[in-house]
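Undergrad: Sharing a structure here in structure tokens format.
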Amino acid sequence: MGLCQRWRWLRLTGLHACGLHTVREAAVPTPPHWLVDRLGLFEELWAAHVKRLKSMAQKEHRTIKITLPGGQKVEAMAWNTTPYQLAKQISSTLADTAVAAQVNGEPYDLERPLETDCDLRFLTFDSTEGKAVFWHSSTHVLGAAAEQLLGAILCRGPSTECGFYHDFFLGKERTIRGSELPVLEQICQELAAAAQPFRRLEASQDQLRQLFKDNPFKLCLIEEKVTGPTATVYGCGTLVDLCQGPHLRHTGQIGGLKLLTNSSSVWRSPGPPETLQRVSGISFPTAEELRAWEEWREEAELRDHRRIGKEQELFFFHELSPGSCFFLPRGTRVYNALVAFIRAEYIHRGFSEVKTPTLFSAKLWEVSGHWAHYKEDMFALQPPGPQRDHPTSHPTDTLALKPMNCPAHCLMFTHRPRSWRELPLRLADFGALHRAEASGSLGGLTRLRCFQQDDAHIFCAPDQLEAEIRGCLDFLRSVYAVLGFSFRLALSTRPSGFLGEPCLWDQAEQVLQQALEEFGEPWDLNPGDGAFYGPKIDVHLRDALGRPHQCGTIQLDFQLPLRFDLQYKGQAGALERPVVIHRAILGSVERMLGVLAESCGGKWPLWLSPFQVVVIPVGPEQEDYAREVQQSLRAAGLVGDLDADSTLTLGRRVRRAQLANYNFQFVVGQKEQSSRTVNIRTRDNRRLGERDLTEAVGRLLELQNTRVPNAEEIF
């Protein structure tokens with residue numbers, strides 16, 4: 001089927017499936033001119049690319065040595081042999097399951113000829129890197145479908161930790177309708193089944209501008225991102241896109257694909273922001289894996305923290321404060337327990353808690369560098385007064401809500417002379433932070449505009465740096481052990497828009513790498529993913545469902561001390577410059593609360609639980625004693641509720657308490673009242689028998705204070 005025929009079939013099939021039978025159908029029987037022009041130019045460039053490869057293979061006809069996994073060395077032909085050909089020589093299974101290669105540690109297409117001696121590794125979907133390639137290729141399929149069905153102008157389409165999404169522009173007023181998502185998914189599946197190859201070529205900047213002359217978003221990316229004479233583009237069917245790659249060999253490797261959500265996002269660049277449409281999805285090598293994921297997702301939806309928050313009356317959201325959370329009494333109990341846990345750790349780890357303002361002059365953020373790099377994500381406002389009438393007023397008249405605490409902590413450090421005897425100075429802050437997140441990216445507790453972090457900054461001497469990093473890693477491990485999370489670490493290094501001298505970055509990265517190696521836990525390298533002010537260790541934890549979450553972080557910063565001219569008097573009497581470590585363990589407290597809610601499925605461990613104990617009198621005669629038991633629990637700092645609903649039988653009330661996930665039920669009848677005891681059951685209906693009231697309260701207090709995960713089992 002030719003391009004025009006296939007375009008007409010896909011467009012009309014999609015329109016009919018959406019229920020759109022209008023005279024406008026006659027206007028879209030052929031692909032738009034920009035797609036025809038783009039594809040035509042790509043085919044010309046591709047023909048020249050193939051010819052050039054053939055010439056290189058003839059001109060540099062030589063043998064190269066390839067080191068395979070396991071150390072085996074094989075011979076190959078330069079500019080001719082591909083990683084895929086070598087995978088087939090190893091095993092047909094590897095050739096079928098490999099999604100990409102790594103050549104000397106760098107990502108590489110399986111069908112791209114090898115050029116010189118190298119170490120060769122293969123990536124499969126089982127690896128994190130392999131999933132990233134697989135899902136990135138899937139987003140290209142989504143982009144092609146969006147162009148064909150919607151006439152979309154593509155913007156960006158990355159992989160994520162849990163799938164992929166694509167942002168595209170449909171016009172000022174146009175959005176994706178719910179009826180269009182299934183049709184878009186169907187076209188994606190058809191494009192995948194067509195096994196269209198991914199074709200990589202390098203294009204000059206002039207060629208790139210010609211390819212994407214009708215796409216202002218791509219032209220903007222070319223200006224911002226393409227710093228060399230050439231960049232790579234990939235063709236796949238009718239799609240041509242600016243992309244670093246690598247990609248799958250062909251779309252037929254995508255055995256199962258499902259589109260999940262549609263929302264809005266914002267394109268931020270020089271000029272006014274544009275509202276984009278975002279469609280997210282998930283894909284797998286086989287349909288069976290997709291079905292298994294859908295079953296897993298059903299379980300995850302039952303554990304959705306928004307559902308749990310509503311059912312347990314923990315928190316809610318309101319349109320009059322978008323991106324902010326209202327914590328109800330029970331939710332506040334969980335929130336405060338998390339914060340108290342970190343505060344207890346602060347005491348014996350030598351941190352001092354401080355409070356800093358929420359509103360600052362933009363001058364502070366100019367000094368810190370955030371105004372240049374983070375301005376679009378900050379809430380800024382003009383103070384009341386005559387300057388509002390003068391648009392030429394100095395930018396330092398602008399005020400902004402703080403999105404992070406580090407600049408304020410620098411002001412604390414420098415407000416008086418400091419001595420080496422005060423270092424390391426560890427300042428912790430639970431102050432409210434505000435970030436101008438796009439409305440389409442908001443989602444429950446996981447992404448908010450107003451939140452708090454267990455944020456801390458360590459000001460230390462250079463020779464204290466390694467010990468402090470080790471202390472941060474130990475802090476992290478001990479907290480996550482209590483919370484029941486496994487985790488993996490990643491070292492993120494210098495990004496393209498970094499501040500400061502490369503030599504300082506190299507030094508910082510070496511310190512973090514050495515600390516990670518000594519720590520003994522597995523870690524990954526994320527080149528170019530550091531913050532603009534320093535390298536960092538990102539912490540990816542996994543919850544009870546195996547889902548990854550990026551919460552904690554440890555960041556090294558040589559830039560803020562320079563920008564704020566931080567100094568202390570050293571042992572020799574000379575002024576010296578400290579180093580700053582940014583550190584968060586929970587990260588956003590709100591986000592962590594949501595992660596914990598889903599991980600435990602609403603069955604909170606005793607020390608966090610908003611449903612610790614419910615006291616249930618057998619009859620009205622025991623209600624006064626039941627209230628006395630409740631008061632004993634509350635006086636000890638425990639959560640004690642009372643269910644004296646005499647319209648329900650005892651059995652019904654016990655069952656109601658267990659379904660509500662009360663850790664314990666204290667049942668009191670005439671016998672318990674006479675002997676001042678309680679009869680204890682757990683939420684899993686384990687009967688622990690009769691216990692002295694004072695003894696039972698004391699045991700609960702002990703279990704709460706030691707933060708055990710299984711209080712019901714070891715009571």
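Convention: chains lettered A, B, ... in structure tokens order; per-chain residue numbering from 1; ligands numbered from 1 as shown.
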I'd like the neighbourhood of Phe316 (chain A) as JSON, numbers by chain, where a residue qualifies if any of its atoms comes within 8 Å (using only C-alpha atoms), though same-chain residues fewer than 5 positions away should be ignored.
TA: {"A": [309, 310, 325, 326, 327, 328]}
Undergrad: Rank A:Glu319, A:Gln89, A:Asn80, A:Glu44 by their smallest atom-to-atom distance to Leu201 (chain A), using only C-alpha atoms, and report the top residue only.
TA: A:Glu44
Undergrad: If we count only C-alpha atoms, what is near Ala203 (chain A) at a cut-off of 9 Å, once residues fewer than 6 positions away on the same chain are taken out, given as a list in words?
TA: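 The filter keeps Leu45, Pro229, Thr230, Ala231, Thr232 and Val233 of chain A.
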Undergrad: Quick one: of A:Tyr625, A:Trp296, A:Phe532, A:Tyr84, who's nearest to Ser674 (chain A), counting only C-alpha atoms?
TA: A:Tyr625
Undergrad: For region 554-561 of chain A, list every protein, DNA or RNA residue within 7 Å, evaluated using only C-alpha atoms, and leave out those in the same chain fewer than 6 positions away; present the list as a compact mmCIF listing (two decimals) with N, CA, C and O atoms, in the first residue's frame.
TA:
```txt
# COMPACT_ATOMS: atom_id res chain seq x y z
N SER A 368 21.73 32.84 43.61
CA SER A 368 21.87 31.38 43.68
C SER A 368 21.95 30.74 42.30
O SER A 368 22.41 29.60 42.17
N GLY A 500 29.86 26.55 36.80
CA GLY A 500 31.14 26.29 37.45
C GLY A 500 32.19 25.70 36.53
O GLY A 500 31.99 25.53 35.33
N ALA A 508 34.05 16.54 42.39
CA ALA A 508 32.83 16.17 43.10
C ALA A 508 32.34 14.79 42.68
O ALA A 508 31.94 13.97 43.52
N TYR A 533 23.93 22.68 39.38
CA TYR A 533 24.92 23.18 40.32
C TYR A 533 25.84 22.10 40.89
O TYR A 533 26.74 22.40 41.65
N GLY A 534 25.60 20.83 40.55
CA GLY A 534 26.47 19.79 41.08
C GLY A 534 25.97 18.40 40.78
O GLY A 534 24.78 18.20 40.47
N PRO A 535 26.85 17.40 40.86
CA PRO A 535 26.44 16.00 40.65
C PRO A 535 25.62 15.52 41.83
O PRO A 535 25.63 16.13 42.91
N LYS A 536 24.92 14.41 41.64
CA LYS A 536 24.04 13.94 42.71
C LYS A 536 23.91 12.43 42.69
O LYS A 536 24.19 11.77 41.69
N ILE A 537 23.49 11.91 43.84
CA ILE A 537 23.12 10.50 43.96
C ILE A 537 21.61 10.45 44.09
O ILE A 537 21.05 10.92 45.08
N ASP A 538 20.95 9.92 43.08
CA ASP A 538 19.50 9.75 43.15
C ASP A 538 19.17 8.40 43.75
O ASP A 538 19.89 7.42 43.53
N ARG A 577 36.79 28.03 52.15
CA ARG A 577 35.46 27.89 51.54
C ARG A 577 34.87 26.51 51.88
O ARG A 577 35.53 25.50 51.70
N PRO A 578 33.62 26.46 52.40
CA PRO A 578 33.01 25.16 52.69
C PRO A 578 32.45 24.52 51.42
O PRO A 578 32.33 25.15 50.37
N VAL A 579 32.07 23.26 51.55
CA VAL A 579 31.34 22.54 50.51
C VAL A 579 29.92 22.31 51.06
O VAL A 579 29.74 22.13 52.26
N VAL A 580 28.92 22.33 50.17
CA VAL A 580 27.53 22.12 50.58
C VAL A 580 27.05 20.77 50.06
O VAL A 580 27.28 20.43 48.89
N ILE A 581 26.40 20.01 50.93
CA ILE A 581 25.72 18.77 50.53
C ILE A 581 24.22 18.99 50.70
O ILE A 581 23.75 19.34 51.78
N HIS A 582 23.47 18.85 49.59
CA HIS A 582 22.01 18.86 49.66
C HIS A 582 21.57 17.42 49.94
O HIS A 582 22.03 16.49 49.27
N ARG A 583 20.66 17.24 50.89
CA ARG A 583 20.28 15.88 51.28
C ARG A 583 18.81 15.79 51.65
O ARG A 583 18.30 16.62 52.40
N ALA A 584 18.12 14.82 51.05
CA ALA A 584 16.75 14.51 51.43
C ALA A 584 16.61 12.99 51.44
O ALA A 584 17.13 12.32 50.55
```
